[in-house]
>>> print(open('final_28.cif').read())   # mmCIF, C-alpha atoms and all ligand atoms
data_run
#
loop_
_atom_site.label_atom_id
_atom_site.label_comp_id
_atom_site.auth_asym_id
_atom_site.auth_seq_id
_atom_site.Cartn_x
_atom_site.Cartn_y
_atom_site.Cartn_z
CA MET W 2 45.58 16.60 2.69
CA LEU W 3 47.75 16.18 -0.39
CA TYR W 4 45.37 18.43 -2.30
CA LYS W 5 45.44 21.27 0.20
CA THR W 6 49.18 21.17 0.90
CA LEU W 7 50.53 20.44 -2.57
CA LEU W 8 48.07 20.48 -5.46
CA ARG W 9 45.93 23.44 -4.47
CA PRO W 10 48.86 25.85 -3.93
CA LEU W 11 50.15 24.91 -7.38
CA LEU W 12 46.74 25.25 -9.00
CA PHE W 13 46.13 28.56 -7.25
CA LEU W 14 49.32 29.98 -8.82
CA ARG W 15 47.57 29.82 -12.16
CA ASP W 16 44.88 32.05 -13.58
CA PRO W 17 41.60 30.77 -12.04
CA GLU W 18 39.85 30.05 -15.32
CA LYS W 19 42.88 28.33 -16.87
CA ALA W 20 43.30 26.23 -13.72
CA HIS W 21 39.61 25.34 -13.88
CA ASP W 22 39.74 24.33 -17.56
CA GLN W 23 42.85 22.20 -17.02
CA THR W 24 41.37 20.51 -13.96
CA LEU W 25 38.21 19.75 -15.87
CA SER W 26 40.11 18.18 -18.80
CA LEU W 27 42.16 16.16 -16.33
CA ILE W 28 38.99 14.95 -14.60
CA SER W 29 37.47 14.10 -17.97
CA SER W 30 40.56 12.15 -19.02
CA LEU W 31 40.26 9.94 -15.92
CA SER W 32 36.99 8.35 -17.01
CA PHE W 33 38.72 5.02 -17.81
CA LEU W 34 39.63 4.80 -14.09
CA GLU W 35 35.98 4.57 -13.09
CA ALA W 36 36.33 1.63 -10.70
CA PRO W 37 39.50 2.75 -8.84
CA LEU W 38 38.16 6.29 -8.50
CA GLU W 39 34.94 5.01 -6.99
CA TRP W 40 36.93 2.79 -4.67
CA LEU W 41 38.93 5.83 -3.56
CA PHE W 42 36.25 8.50 -3.39
CA ALA W 43 32.71 7.09 -3.34
CA VAL W 44 30.83 6.27 -0.16
CA LYS W 45 28.26 3.55 -0.79
CA ASP W 46 25.74 3.31 2.00
CA ALA W 47 21.97 2.82 1.67
CA ARG W 48 21.41 5.23 4.58
CA LEU W 49 22.51 8.08 2.30
CA GLU W 50 20.02 7.27 -0.44
CA VAL W 51 17.39 9.98 -0.92
CA ARG W 52 14.37 10.53 -3.11
CA VAL W 53 13.71 13.94 -4.63
CA GLY W 54 10.37 13.70 -6.40
CA PRO W 55 10.65 10.80 -8.85
CA LEU W 56 14.47 10.67 -8.65
CA THR W 57 16.49 8.39 -6.42
CA LEU W 58 19.91 9.78 -5.53
CA PRO W 59 22.51 7.32 -4.17
CA ASN W 60 23.66 10.08 -1.82
CA PRO W 61 22.51 13.66 -1.27
CA VAL W 62 25.66 15.48 -2.48
CA GLY W 63 25.54 16.84 -6.03
CA LEU W 64 27.80 18.88 -8.27
CA ALA W 65 26.31 22.36 -8.73
CA ALA W 66 25.81 23.88 -12.19
CA GLY W 67 28.68 25.87 -13.64
CA PHE W 68 31.62 23.54 -13.01
CA ASP W 69 30.99 21.34 -16.04
CA LYS W 70 29.08 23.68 -18.34
CA ASN W 71 29.73 21.70 -21.53
CA ALA W 72 29.24 18.16 -20.18
CA ILE W 73 32.91 17.34 -20.52
CA ALA W 74 33.32 14.93 -17.61
CA VAL W 75 29.90 13.27 -17.27
CA LYS W 76 31.49 9.80 -17.22
CA THR W 77 33.95 10.64 -14.44
CA TRP W 78 31.80 12.50 -11.89
CA PRO W 79 30.35 9.35 -10.25
CA GLY W 80 33.96 8.35 -9.52
CA PHE W 81 34.32 11.38 -7.25
CA GLY W 82 31.40 10.17 -5.18
CA PHE W 83 28.69 12.58 -6.31
CA GLY W 84 25.09 11.43 -5.91
CA PHE W 85 23.96 13.55 -8.88
CA ILE W 86 25.35 16.23 -11.15
CA GLU W 87 24.05 19.24 -12.99
CA ILE W 88 25.68 20.30 -16.25
CA GLY W 89 25.33 23.74 -17.86
CA ALA W 90 24.15 26.38 -17.83
CA VAL W 91 23.33 25.54 -21.44
CA THR W 92 21.87 28.24 -23.68
CA ALA W 93 20.15 27.87 -27.06
CA HIS W 94 22.91 29.86 -28.79
CA PRO W 95 26.57 28.96 -28.30
CA GLN W 96 28.15 31.98 -26.61
CA PRO W 97 31.61 33.07 -25.45
CA GLY W 98 30.54 34.73 -22.20
CA GLN W 99 31.98 37.95 -20.81
CA PRO W 100 35.49 39.26 -21.48
CA ARG W 101 38.29 37.83 -19.32
CA PRO W 102 39.29 38.03 -16.53
CA ARG W 103 35.91 36.89 -15.21
CA LEU W 104 36.68 34.40 -12.45
CA PHE W 105 38.39 35.47 -9.22
CA ARG W 106 39.55 33.60 -6.13
CA LEU W 107 39.31 35.10 -2.66
CA PRO W 108 41.30 32.51 -0.67
CA LYS W 109 41.10 34.36 2.64
CA ASP W 110 37.33 34.33 2.34
CA GLU W 111 37.19 30.79 0.87
CA ALA W 112 35.11 32.30 -1.91
CA LEU W 113 34.94 32.86 -5.66
CA ILE W 114 33.52 35.70 -7.72
CA ASN W 115 32.46 34.80 -11.24
CA ARG W 116 30.97 36.76 -14.07
CA LEU W 117 31.44 34.12 -16.75
CA GLY W 118 28.13 35.01 -18.37
CA PHE W 119 26.95 31.56 -19.52
CA ASN W 120 29.94 30.72 -21.72
CA ASN W 121 28.97 27.41 -23.31
CA ASP W 122 28.93 25.45 -26.57
CA GLY W 123 25.17 25.80 -27.03
CA ALA W 124 22.29 23.32 -26.88
CA GLU W 125 22.93 21.51 -30.16
CA ALA W 126 26.62 20.80 -29.53
CA ILE W 127 25.99 19.70 -25.95
CA ALA W 128 23.10 17.45 -27.03
CA ALA W 129 25.41 15.83 -29.60
CA LYS W 130 28.03 15.25 -26.91
CA LEU W 131 25.52 13.62 -24.58
CA GLU W 132 24.07 11.55 -27.41
CA ALA W 133 27.53 10.13 -28.09
CA LEU W 134 27.65 8.65 -24.59
CA SER W 135 25.98 5.30 -24.15
CA ALA W 136 22.91 5.17 -21.91
CA GLY W 137 24.97 3.27 -19.32
CA GLU W 138 27.65 5.95 -19.28
CA ARG W 139 25.04 8.64 -18.74
CA LYS W 140 22.85 6.91 -16.24
CA ARG W 141 25.15 5.91 -13.40
CA ILE W 142 23.91 8.84 -11.35
CA PRO W 143 21.11 11.29 -12.18
CA VAL W 144 22.27 14.00 -14.59
CA GLY W 145 20.49 17.33 -14.55
CA ILE W 146 20.68 20.05 -17.16
CA ASN W 147 20.70 23.71 -16.15
CA ILE W 148 19.08 25.92 -18.79
CA GLY W 149 19.85 29.61 -19.10
CA ARG W 150 18.71 32.39 -21.44
CA SER W 151 20.93 33.31 -24.36
CA LYS W 152 22.43 36.78 -24.04
CA VAL W 153 21.20 37.95 -27.46
CA VAL W 154 17.58 37.15 -26.60
CA GLU W 155 15.37 39.69 -24.88
CA THR W 156 13.44 38.80 -21.74
CA LYS W 157 10.13 38.99 -23.63
CA ASP W 158 11.35 36.24 -25.98
CA ALA W 159 12.93 34.14 -23.25
CA ALA W 160 10.40 31.28 -23.31
CA ALA W 161 11.19 30.26 -26.91
CA ASP W 162 14.90 30.31 -26.09
CA TYR W 163 14.50 28.04 -23.02
CA LEU W 164 12.16 25.74 -24.98
CA PHE W 165 14.70 25.27 -27.76
CA THR W 166 17.31 24.05 -25.26
CA PHE W 167 14.81 21.96 -23.32
CA GLU W 168 13.61 20.21 -26.46
CA LYS W 169 17.13 19.52 -27.76
CA LEU W 170 18.30 18.09 -24.45
CA PHE W 171 15.08 16.41 -23.33
CA PRO W 172 16.26 12.80 -23.90
CA PHE W 173 19.49 13.32 -21.97
CA GLY W 174 18.45 14.95 -18.69
CA ASP W 175 17.06 13.19 -15.63
CA PHE W 176 15.94 16.60 -14.42
CA PHE W 177 16.03 20.14 -15.79
CA THR W 178 16.78 23.31 -13.89
CA VAL W 179 15.22 26.54 -15.05
CA ASN W 180 17.91 29.02 -14.19
CA VAL W 181 16.40 32.46 -13.67
CA SER W 182 18.97 33.54 -11.11
CA SER W 183 22.48 33.93 -12.51
CA PRO W 184 23.68 37.47 -11.89
CA ASN W 185 25.70 37.78 -15.10
CA THR W 186 23.09 37.84 -17.87
CA PRO W 187 21.41 41.26 -17.93
CA GLY W 188 17.67 40.98 -17.25
CA LEU W 189 17.75 37.26 -16.43
CA ARG W 190 16.65 37.73 -12.83
CA ASP W 191 13.56 39.64 -14.02
CA LEU W 192 12.20 36.18 -14.89
CA GLN W 193 11.82 35.55 -11.16
CA GLU W 194 8.91 38.02 -11.19
CA LYS W 195 5.64 36.17 -10.61
CA SER W 196 3.83 36.54 -13.93
CA LEU W 197 6.96 36.17 -16.07
CA LEU W 198 7.97 33.06 -14.14
CA ARG W 199 4.49 31.59 -14.44
CA ASP W 200 4.46 32.12 -18.22
CA LEU W 201 7.91 30.59 -18.58
CA LEU W 202 7.13 27.54 -16.44
CA GLN W 203 3.79 26.99 -18.12
CA ALA W 204 5.50 26.98 -21.51
CA ILE W 205 8.15 24.53 -20.28
CA GLN W 206 5.62 22.20 -18.68
CA ASP W 207 3.50 22.22 -21.87
CA LYS W 208 6.59 21.25 -23.85
CA ASN W 209 7.42 18.67 -21.19
CA ARG W 210 4.05 16.96 -21.67
CA GLU W 211 4.37 17.14 -25.45
CA MET W 212 7.89 15.64 -25.46
CA ALA W 213 6.93 12.91 -22.98
CA GLY W 214 3.94 12.01 -25.15
CA LYS W 215 6.02 11.91 -28.32
CA SER W 216 8.78 9.80 -26.84
CA LYS W 217 6.43 7.68 -24.71
CA THR W 218 8.44 8.46 -21.57
CA GLN W 219 7.70 10.19 -18.29
CA GLU W 220 7.69 13.97 -18.01
CA LYS W 221 10.98 15.29 -16.66
CA PRO W 222 11.21 16.80 -13.19
CA ILE W 223 11.60 20.58 -13.52
CA TRP W 224 13.54 22.42 -10.82
CA VAL W 225 13.79 26.20 -10.47
CA LYS W 226 16.98 27.83 -9.25
CA ILE W 227 16.61 31.09 -7.35
CA ALA W 228 18.88 33.94 -6.30
CA PRO W 229 19.53 34.89 -2.68
CA ASP W 230 19.14 38.58 -3.53
CA MET W 231 15.43 39.17 -2.93
CA ASP W 232 13.13 39.54 0.01
CA PHE W 233 10.97 36.74 1.30
CA SER W 234 7.76 38.23 -0.13
CA GLN W 235 9.19 37.56 -3.58
CA VAL W 236 10.10 34.04 -2.44
CA ASP W 237 6.40 33.59 -1.53
CA ASP W 238 5.47 34.49 -5.11
CA ILE W 239 7.99 31.99 -6.47
CA ILE W 240 6.68 29.25 -4.17
CA ASP W 241 3.13 30.00 -5.33
CA VAL W 242 4.09 29.66 -8.98
CA ALA W 243 6.30 26.63 -8.34
CA GLN W 244 3.43 24.81 -6.68
CA SER W 245 0.81 25.73 -9.26
CA GLU W 246 3.15 24.78 -12.11
CA LYS W 247 4.07 21.45 -10.49
CA VAL W 248 7.74 22.22 -10.14
CA ALA W 249 9.61 19.22 -8.68
CA GLY W 250 12.08 21.20 -6.59
CA ILE W 251 13.63 24.56 -5.82
CA ILE W 252 17.39 25.02 -5.84
CA ALA W 253 18.35 27.58 -3.22
CA THR W 254 20.52 29.38 -4.04
CA ASN W 255 22.61 30.80 -6.84
CA ALA W 256 25.58 33.09 -6.11
CA THR W 257 24.94 36.56 -4.66
CA ALA W 258 25.54 39.85 -6.44
CA PHE W 259 26.00 41.52 -3.02
CA LEU W 260 27.60 40.82 0.39
CA ARG W 261 30.93 42.41 -0.57
CA GLU W 262 31.07 44.38 2.69
CA LYS W 263 31.54 41.15 4.68
CA LEU W 264 34.67 40.06 2.81
CA VAL W 265 38.14 39.95 4.36
CA THR W 266 39.55 40.75 0.91
CA PRO W 267 38.19 44.12 -0.19
CA THR W 268 36.87 43.91 -3.75
CA HIS W 269 34.28 45.51 -5.95
CA GLU W 270 34.55 42.98 -8.77
CA PRO W 271 31.04 42.58 -10.14
CA GLY W 272 29.67 39.06 -10.49
CA GLY W 273 28.30 36.26 -8.34
CA LEU W 274 29.94 35.65 -4.99
CA SER W 275 29.97 31.99 -3.90
CA GLY W 276 31.52 29.92 -1.13
CA LYS W 277 31.74 30.56 2.62
CA PRO W 278 30.35 34.13 2.65
CA LEU W 279 27.16 32.88 0.97
CA LYS W 280 26.56 29.99 3.38
CA ALA W 281 24.27 31.55 5.99
CA LEU W 282 22.27 33.58 3.47
CA ALA W 283 21.56 30.50 1.32
CA THR W 284 20.56 28.52 4.41
CA SER W 285 18.11 31.24 5.45
CA PHE W 286 16.34 30.81 2.07
CA ILE W 287 16.14 27.04 2.52
CA ARG W 288 14.69 27.41 6.01
CA TYR W 289 12.16 29.97 4.81
CA ILE W 290 10.97 27.85 1.86
CA TYR W 291 10.74 24.72 4.01
CA GLN W 292 8.64 26.52 6.62
CA ALA W 293 6.45 28.28 4.07
CA THR W 294 5.68 25.02 2.22
CA ARG W 295 5.62 22.84 5.36
CA GLY W 296 8.18 20.64 3.68
CA ARG W 297 5.94 19.86 0.70
CA LEU W 298 8.25 21.23 -1.98
CA PRO W 299 11.65 19.52 -2.22
CA ILE W 300 14.57 21.90 -1.79
CA ILE W 301 18.10 21.42 -3.07
CA GLY W 302 20.43 23.41 -0.82
CA VAL W 303 23.52 25.06 -2.25
CA GLY W 304 25.86 27.83 -1.14
CA GLY W 305 29.04 27.63 0.88
CA ILE W 306 29.09 23.91 1.66
CA PHE W 307 32.63 22.75 2.44
CA THR W 308 32.14 20.17 5.20
CA ALA W 309 29.66 17.55 6.38
CA GLU W 310 28.53 19.99 9.08
CA ASP W 311 27.72 22.58 6.41
CA ALA W 312 25.72 20.03 4.40
CA TYR W 313 23.92 18.73 7.50
CA GLU W 314 22.98 22.28 8.51
CA LYS W 315 21.29 22.79 5.12
CA ILE W 316 19.55 19.40 5.32
CA GLN W 317 18.28 20.15 8.82
CA ALA W 318 17.10 23.55 7.57
CA GLY W 319 14.97 21.73 4.98
CA ALA W 320 17.11 20.64 2.01
CA SER W 321 16.43 17.12 0.69
CA ALA W 322 19.76 17.17 -1.12
CA VAL W 323 22.67 19.59 -1.52
CA GLN W 324 25.12 20.72 -4.19
CA ILE W 325 28.65 22.06 -4.04
CA LEU W 326 30.92 23.99 -6.36
CA THR W 327 33.23 26.40 -4.54
CA GLY W 328 33.75 23.82 -1.76
CA PHE W 329 34.96 21.33 -4.38
CA VAL W 330 37.49 23.87 -5.68
CA TYR W 331 38.85 24.58 -2.18
CA GLU W 332 38.59 21.09 -0.65
CA GLY W 333 39.54 19.00 -3.69
CA PRO W 334 38.73 15.48 -4.83
CA CYS W 335 38.03 14.07 -1.34
CA ALA W 336 35.37 16.70 -0.61
CA VAL W 337 32.31 14.58 -1.40
CA LYS W 338 33.65 11.51 0.38
CA ARG W 339 34.37 13.56 3.51
CA ILE W 340 30.91 15.11 3.42
CA ASN W 341 29.15 11.76 2.97
CA ARG W 342 31.20 10.04 5.67
CA GLY W 343 30.60 12.98 7.99
CA LEU W 344 26.86 12.87 7.28
CA LEU W 345 26.78 9.21 8.36
CA ARG W 346 28.58 10.17 11.58
CA LEU W 347 26.17 13.04 12.30
CA MET W 348 23.16 10.81 11.55
CA ASP W 349 24.47 8.20 13.99
CA ARG W 350 24.96 10.88 16.62
CA ASP W 351 21.38 12.09 16.21
CA GLY W 352 19.76 8.67 15.76
CA PHE W 353 18.61 9.04 12.13
CA LYS W 354 18.47 5.81 10.12
CA ASN W 355 18.28 7.54 6.76
CA ILE W 356 19.47 10.99 5.79
CA SER W 357 15.93 11.99 4.76
CA GLU W 358 14.85 11.68 8.41
CA ALA W 359 17.10 14.69 9.15
CA VAL W 360 15.40 16.95 6.59
CA GLY W 361 13.87 20.01 8.23
CA THR W 362 14.60 18.91 11.79
CA THR W 363 15.82 22.34 12.92
CA THR W 364 13.01 24.39 11.38
C1 LIG W 401 32.51 29.50 -11.66
C2 LIG W 401 31.05 29.37 -11.37
C3 LIG W 401 30.15 29.19 -12.43
C4 LIG W 401 28.79 29.05 -12.17
N1 LIG W 401 27.93 28.84 -13.22
C5 LIG W 401 26.62 28.62 -12.96
C6 LIG W 401 25.70 28.31 -14.02
O1 LIG W 401 26.10 28.25 -15.18
N2 LIG W 401 24.41 28.08 -13.70
C7 LIG W 401 23.95 28.14 -12.40
O2 LIG W 401 22.77 27.92 -12.15
N3 LIG W 401 24.79 28.42 -11.39
C8 LIG W 401 26.10 28.65 -11.64
N4 LIG W 401 26.95 28.91 -10.60
C9 LIG W 401 26.41 28.96 -9.22
C10 LIG W 401 26.61 27.63 -8.51
O3 LIG W 401 25.92 26.58 -9.15
C11 LIG W 401 26.13 27.72 -7.04
O4 LIG W 401 24.74 28.00 -7.02
C12 LIG W 401 26.86 28.81 -6.27
O5 LIG W 401 28.21 28.87 -6.65
C13 LIG W 401 26.79 28.58 -4.76
O6 LIG W 401 27.37 27.34 -4.41
P1 LIG W 401 28.88 27.20 -3.85
O7 LIG W 401 29.03 28.19 -2.74
O8 LIG W 401 28.99 25.77 -3.42
O9 LIG W 401 29.77 27.52 -5.01
C14 LIG W 401 28.31 29.10 -10.83
C15 LIG W 401 29.22 29.30 -9.79
C16 LIG W 401 30.57 29.44 -10.05
C17 LIG W 401 31.51 29.65 -8.89
#
>>> encode(input="final_28.cif", output="structure tokens")
Amino acid sequence: MLYKTLLRPLLFLRDPEKAHDQTLSLISSLSFLEAPLEWLFAVKDARLEVRVGPLTLPNPVGLAAGFDKNAIAVKTWPGFGFGFIEIGAVTAHPQPGQPRPRLFRLPKDEALINRLGFNNDGAEAIAAKLEALSAGERKRIPVGINIGRSKVVETKDAAADYLFTFEKLFPFGDFFTVNVSSPNTPGLRDLQEKSLLRDLLQAIQDKNREMAGKSKTQEKPIWVKIAPDMDFSQVDDIIDVAQSEKVAGIIATNATAFLREKLVTPTHEPGGLSGKPLKALATSFIRYIYQATRGRLPIIGVGGIFTAEDAYEKIQAGASAVQILTGFVYEGPCAVKRINRGLLRLMDRDGFKNISEAVGTTT
């Protein structure tokens, strides 16, 4: 309540990107309050524990990629109750992103439009930052790393660029997301095309085996994140490749480049639209993938989740776990706690003893 009535109005007076950067540094500076934060915000209940491939998540609510691109607050995120986080997108080259302004709030639509364009410190700097954390500080919840293509690299040379980042960050990620779906890097989404995606994933899985062999560890789970701006025949192609290349999960979905006509606030700002207007579209992708794979390929559902009901809808449509970003901006620090508590209530109502029993139950 305090967030929505007091803090959010103050934050929303500021430029969206400045407000975001300040919030992130504040969150990062709270890492020494680990125990009190967890006491305030984390819901610990074995019924929320889920497995996604080889990973065990203490609860199914994760932080979506793009909020903590440079791994600034890795130590603090568990304190806000997340079951897993995804940092990045990280690119091989450090890059400034697009000119500002490039992040816009649409409060009446409970949405954001961003065209940040993968602004980040680059793979080497982010690897050094993660290396400086102790294993214990990194490992409290699974940490995923979202990999994007550097802007200066052409699509035909994309594989080498992804591999550079993957290799640098290999020791520090519990899973890796191959991001071929952000709308703000020209040509990136071409990598969703069947043969290009197959080549890219093959190269990453080869490197995965090589790195696991060298470091005598397990191969890392590779997830693929897709856009909601394609028809389902293209989703079929992606599923085909994902299965043949032993992808551990599909994240559905990234922000949409379209849907502007449905907004209460008229705007033609280019970029990815996220939040409430994306909710139903993202869920339709989850439902489709779940049905097409008969539940055999784990799905991470993301897009417009604000409440427990929103998360439950995605889980029942087929998501094994979910992620939030825009919902965290609008709902504030209690968002994850409310969602997890609400999930327990909805599970009780429907007689599920573990959240995974609810997966796909409305498909
Ligand atoms: C400011 C902002 C930055 C984002 N950056 C990334 C990114 O770097 N990589 C990525 O895969 N998705 C990125 N996304 C997309 C989100 O991870 C998520 O897929 C999308 O916003 C839908 O979820 P939401 O409605 O909960 O925000 C970004 C979204 C926003 C709003």
>>> residues_around(input="final_28.cif", residues="Met231 (chain W)", least_positions_apart="6", cutoff="12 Å", atoms="only C-alpha atoms", output="count of residues only")
18
>>> closest_atom_pairs(input="final_28.cif", of="chain W", to="ligand LIG 401 (chain W)", cutoff="7 Å", atoms="all atoms listed in the file", output="Markdown table")
| residue | atom | partner | partner_atom | distance |
| --- | --- | --- | --- | --- |
| W:Ala65 | CA | W:LIG401 | O3 | 4.3 |
| W:Ala66 | CA | W:LIG401 | O3 | 4.1 |
| W:Gly67 | CA | W:LIG401 | N1 | 3.1 |
| W:Phe68 | CA | W:LIG401 | C3 | 5.9 |
| W:Lys70 | CA | W:LIG401 | O1 | 6.3 |
| W:Gly89 | CA | W:LIG401 | O1 | 5.3 |
| W:Ala90 | CA | W:LIG401 | O1 | 3.8 |
| W:Leu104 | CA | W:LIG401 | C1 | 6.5 |
| W:Leu113 | CA | W:LIG401 | C17 | 5.7 |
| W:Ile114 | CA | W:LIG401 | C17 | 6.5 |
| W:Asn115 | CA | W:LIG401 | C1 | 5.3 |
| W:Leu117 | CA | W:LIG401 | C3 | 6.7 |
| W:Phe119 | CA | W:LIG401 | O1 | 5.5 |
| W:Asn147 | CA | W:LIG401 | O2 | 6.2 |
| W:Asn180 | CA | W:LIG401 | O2 | 5.4 |
| W:Ser182 | CA | W:LIG401 | O2 | 6.9 |
| W:Ser183 | CA | W:LIG401 | C7 | 6.0 |
| W:Lys226 | CA | W:LIG401 | O2 | 6.5 |
| W:Thr254 | CA | W:LIG401 | O4 | 5.3 |
| W:Asn255 | CA | W:LIG401 | O4 | 3.5 |
| W:Ala256 | CA | W:LIG401 | C12 | 4.5 |
| W:Ser275 | CA | W:LIG401 | O7 | 4.1 |
| W:Gly276 | CA | W:LIG401 | O7 | 3.4 |
| W:Lys277 | CA | W:LIG401 | O7 | 6.5 |
| W:Leu279 | CA | W:LIG401 | O7 | 6.3 |
| W:Lys280 | CA | W:LIG401 | O7 | 6.8 |
| W:Val303 | CA | W:LIG401 | O6 | 5.0 |
| W:Gly304 | CA | W:LIG401 | O7 | 3.6 |
| W:Gly305 | CA | W:LIG401 | O7 | 3.7 |
| W:Ile306 | CA | W:LIG401 | O8 | 5.4 |
| W:Gln324 | CA | W:LIG401 | O8 | 6.4 |
| W:Ile325 | CA | W:LIG401 | O8 | 3.8 |
| W:Leu326 | CA | W:LIG401 | O8 | 3.9 |
| W:Thr327 | CA | W:LIG401 | O9 | 3.7 |
| W:Gly328 | CA | W:LIG401 | O8 | 5.4 |
>>> atom_distance(input="final_28.cif", atom1="CA of Trp40 (chain W)", atom2="CA of Glu314 (chain W)")
27.4 Å
>>> closest_residue(input="final_28.cif", among="W:Leu198, W:Val75, W:Ile340, W:Ala161", to="Val144 (chain W)", atoms="all atoms listed in the file")
W:Val75
>>> atom_distance(input="final_28.cif", atom1="CA of Pro229 (chain W)", atom2="CA of Ile251 (chain W)")
12.3 Å
>>> residues_around(input="final_28.cif", residues="Thr156 (chain W)", least_positions_apart="5", cutoff="10 Å", atoms="all atoms listed in the file", output="VMD selection string")
chain W and resid 150 to 151 162 187 to 192 197
>>> atom_distance(input="final_28.cif", atom1="CA of Tyr289 (chain W)", atom2="CA of Arg342 (chain W)")
27.6 Å
>>> residues_around(input="final_28.cif", residues="region 294-301 of chain W", least_positions_apart="3", cutoff="7 Å", atoms="only C-alpha atoms", output="list in words")
Val53, Ala249, Gly250, Ile251, Ile252, Ala253, Ile287, Ile290, Tyr291, Gly319, Ala320, Ser321, Ala322 and Val323 of chain W
>>> axis_aligned_box(input="final_28.cif", around="region 243-254 of chain W", padding_each_side="4 Å", output="AutoDock Vina command-line options")
--center_x 10.7 --center_y 24.3 --center_z -7.7 --size_x 27.7 --size_y 18.2 --size_z 16.9
>>> closest_residue(input="final_28.cif", among="W:Gly302, W:Pro95, W:Gly149, W:Gly272", to="Leu260 (chain W)", atoms="only C-alpha atoms")
W:Gly272
>>> residues_near_point(input="final_28.cif", point="(6.2, 32.2, -16.9)", cutoff="12 Å", atoms="all atoms listed in the file", output="number ranges by chain")
W: 156-161, 163-164, 179, 181, 191-207, 225, 239, 242-243, 245-246
>>> write_last_selection(input="final_28.cif", atoms="C-alpha atoms", output="JSON list (two decimals), in the frame of the given file")
[["chain", "number", "residue", "atom", "x", "y", "z"],
["W", 156, "THR", "CA", 13.44, 38.80, -21.74],
["W", 157, "LYS", "CA", 10.13, 38.99, -23.63],
["W", 158, "ASP", "CA", 11.35, 36.24, -25.98],
["W", 159, "ALA", "CA", 12.93, 34.14, -23.25],
["W", 160, "ALA", "CA", 10.40, 31.28, -23.31],
["W", 161, "ALA", "CA", 11.19, 30.26, -26.91],
["W", 163, "TYR", "CA", 14.50, 28.04, -23.02],
["W", 164, "LEU", "CA", 12.16, 25.74, -24.98],
["W", 179, "VAL", "CA", 15.22, 26.54, -15.05],
["W", 181, "VAL", "CA", 16.40, 32.46, -13.67],
["W", 191, "ASP", "CA", 13.56, 39.64, -14.02],
["W", 192, "LEU", "CA", 12.20, 36.18, -14.89],
["W", 193, "GLN", "CA", 11.82, 35.55, -11.16],
["W", 194, "GLU", "CA", 8.91, 38.02, -11.19],
["W", 195, "LYS", "CA", 5.64, 36.17, -10.61],
["W", 196, "SER", "CA", 3.83, 36.54, -13.93],
["W", 197, "LEU", "CA", 6.96, 36.17, -16.07],
["W", 198, "LEU", "CA", 7.97, 33.06, -14.14],
["W", 199, "ARG", "CA", 4.49, 31.59, -14.44],
["W", 200, "ASP", "CA", 4.46, 32.12, -18.22],
["W", 201, "LEU", "CA", 7.91, 30.59, -18.58],
["W", 202, "LEU", "CA", 7.13, 27.54, -16.44],
["W", 203, "GLN", "CA", 3.79, 26.99, -18.12],
["W", 204, "ALA", "CA", 5.50, 26.98, -21.51],
["W", 205, "ILE", "CA", 8.15, 24.53, -20.28],
["W", 206, "GLN", "CA", 5.62, 22.20, -18.68],
["W", 207, "ASP", "CA", 3.50, 22.22, -21.87],
["W", 225, "VAL", "CA", 13.79, 26.20, -10.47],
["W", 239, "ILE", "CA", 7.99, 31.99, -6.47],
["W", 242, "VAL", "CA", 4.09, 29.66, -8.98],
["W", 243, "ALA", "CA", 6.30, 26.63, -8.34],
["W", 245, "SER", "CA", 0.81, 25.73, -9.26],
["W", 246, "GLU", "CA", 3.15, 24.78, -12.11]]
>>> closest_residue(input="final_28.cif", among="W:Val337, W:Gly361, W:Phe353, W:Lys45", to="Ala293 (chain W)", atoms="all atoms listed in the file")
W:Gly361
>>> decode(input="final_28.cif", residues="region 85-91 of chain W", atoms="N, CA, C and O atoms", output="PDB file, in the first residue's frame")
ATOM      1  N   PHE W  85      13.902 -17.130  -8.564  1.00  0.00           N
ATOM      2  CA  PHE W  85      15.062 -17.142  -9.469  1.00  0.00           C
ATOM      3  C   PHE W  85      15.132 -15.777 -10.144  1.00  0.00           C
ATOM      4  O   PHE W  85      14.147 -15.030 -10.121  1.00  0.00           O
ATOM      5  N   ILE W  86      16.311 -15.458 -10.675  1.00  0.00           N
ATOM      6  CA  ILE W  86      16.430 -14.183 -11.387  1.00  0.00           C
ATOM      7  C   ILE W  86      17.149 -14.413 -12.714  1.00  0.00           C
ATOM      8  O   ILE W  86      17.822 -15.434 -12.895  1.00  0.00           O
ATOM      9  N   GLU W  87      16.987 -13.438 -13.588  1.00  0.00           N
ATOM     10  CA  GLU W  87      17.715 -13.492 -14.859  1.00  0.00           C
ATOM     11  C   GLU W  87      18.366 -12.132 -15.057  1.00  0.00           C
ATOM     12  O   GLU W  87      17.675 -11.109 -15.073  1.00  0.00           O
ATOM     13  N   ILE W  88      19.681 -12.107 -15.139  1.00  0.00           N
ATOM     14  CA  ILE W  88      20.359 -10.829 -15.382  1.00  0.00           C
ATOM     15  C   ILE W  88      20.573 -10.661 -16.895  1.00  0.00           C
ATOM     16  O   ILE W  88      20.386 -11.571 -17.671  1.00  0.00           O
ATOM     17  N   GLY W  89      20.984  -9.453 -17.298  1.00  0.00           N
ATOM     18  CA  GLY W  89      21.174  -9.180 -18.723  1.00  0.00           C
ATOM     19  C   GLY W  89      19.955  -8.482 -19.301  1.00  0.00           C
ATOM     20  O   GLY W  89      19.081  -8.065 -18.560  1.00  0.00           O
ATOM     21  N   ALA W  90      19.884  -8.334 -20.607  1.00  0.00           N
ATOM     22  CA  ALA W  90      20.724  -8.998 -21.577  1.00  0.00           C
ATOM     23  C   ALA W  90      22.170  -8.496 -21.531  1.00  0.00           C
ATOM     24  O   ALA W  90      22.426  -7.298 -21.452  1.00  0.00           O
ATOM     25  N   VAL W  91      23.092  -9.492 -21.626  1.00  0.00           N
ATOM     26  CA  VAL W  91      24.512  -9.217 -21.711  1.00  0.00           C
ATOM     27  C   VAL W  91      24.927  -9.431 -23.173  1.00  0.00           C
ATOM     28  O   VAL W  91      24.502 -10.400 -23.803  1.00  0.00           O
TER      29      VAL W  91
END
